[in-house]
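Here the structure is laid out as structure tokens; the discussion comes afterwards.
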Amino acid sequence: METGFAPAPPTFQALTEISQDGLAVLTPLAGPAALVTAIASDGLRLRHLLNTTHSTHLSR
């Protein structure tokens with residue numbers, strides 16, 4: 001039976017390289033989950049950072 005889970009949990013990784021737009025990291029959680037933590041200088045940059053992270057790293 002196919003569960004849809006990856007064979008291994010994701011590893012901790014930095015999702016941004018340039019801190020001027022903010023910083024984001026992906027941290028594995030128990031089970032088939034991961035936590036994205038992000039910080040930015042204002043709400044607009046934070047929203048952009050989270051949208052970019054979702055579309056490039058989590059929508060696979």
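Quick note on naming: the chains in the structure tokens go A, B, ... in the order shown, residues restart at 1 in each chain, and ligands are numbered from 1 in order of appearance.
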Would you mind writing down, as a PDB file with N, CA, C and O atoms, in the first residue's frame, each residue of stretch 27-58 of chain A that DSSP on the backbone assigns to strand (DSSP E or B)?
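As written to disk, out.pdb reads:
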ATOM      1  N   THR A  27      12.815  23.068   8.764  1.00  0.00           N
ATOM      2  CA  THR A  27      13.178  22.149   9.834  1.00  0.00           C
ATOM      3  C   THR A  27      12.232  20.951   9.801  1.00  0.00           C
ATOM      4  O   THR A  27      11.014  21.130   9.809  1.00  0.00           O
ATOM      5  N   PRO A  28      12.767  19.726   9.773  1.00  0.00           N
ATOM      6  CA  PRO A  28      11.898  18.556   9.772  1.00  0.00           C
ATOM      7  C   PRO A  28      11.208  18.382  11.124  1.00  0.00           C
ATOM      8  O   PRO A  28      11.757  18.718  12.166  1.00  0.00           O
ATOM      9  N   ALA A  34       7.051  19.326   8.040  1.00  0.00           N
ATOM     10  CA  ALA A  34       8.217  20.202   8.123  1.00  0.00           C
ATOM     11  C   ALA A  34       7.738  21.581   8.540  1.00  0.00           C
ATOM     12  O   ALA A  34       6.593  21.962   8.277  1.00  0.00           O
ATOM     13  N   LEU A  35       8.603  22.327   9.198  1.00  0.00           N
ATOM     14  CA  LEU A  35       8.284  23.666   9.669  1.00  0.00           C
ATOM     15  C   LEU A  35       9.155  24.666   8.927  1.00  0.00           C
ATOM     16  O   LEU A  35      10.376  24.502   8.858  1.00  0.00           O
ATOM     17  N   VAL A  36       8.540  25.692   8.356  1.00  0.00           N
ATOM     18  CA  VAL A  36       9.284  26.792   7.742  1.00  0.00           C
ATOM     19  C   VAL A  36       9.230  27.960   8.713  1.00  0.00           C
ATOM     20  O   VAL A  36       8.150  28.383   9.123  1.00  0.00           O
ATOM     21  N   THR A  37      10.393  28.452   9.096  1.00  0.00           N
ATOM     22  CA  THR A  37      10.488  29.605   9.971  1.00  0.00           C
ATOM     23  C   THR A  37      11.126  30.734   9.160  1.00  0.00           C
ATOM     24  O   THR A  37      12.149  30.525   8.512  1.00  0.00           O
ATOM     25  N   ALA A  38      10.500  31.912   9.192  1.00  0.00           N
ATOM     26  CA  ALA A  38      11.001  33.026   8.386  1.00  0.00           C
ATOM     27  C   ALA A  38      10.959  34.315   9.191  1.00  0.00           C
ATOM     28  O   ALA A  38      10.119  34.490  10.076  1.00  0.00           O
ATOM     29  N   ILE A  39      11.874  35.213   8.859  1.00  0.00           N
ATOM     30  CA  ILE A  39      11.922  36.535   9.470  1.00  0.00           C
ATOM     31  C   ILE A  39      12.305  37.540   8.382  1.00  0.00           C
ATOM     32  O   ILE A  39      13.130  37.251   7.523  1.00  0.00           O
TER      33      ILE A  39
END
Shell around A:Leu49 at 10 Å using only C-alpha atoms, local window under 6 positions removed, as an MDAnalysis selection string: chainID A and resid 15:16 21:24 38:40 43
Minimum-distance residue to A:Thr53, chosen among A:Pro7, A:Gln20, A:Gln13, A:Gly31 (using only C-alpha atoms): A:Gln13
Atom-to-atom span, atom CA of A:Ser19 and atom CA of A:Pro32, Å: 28.5 Å
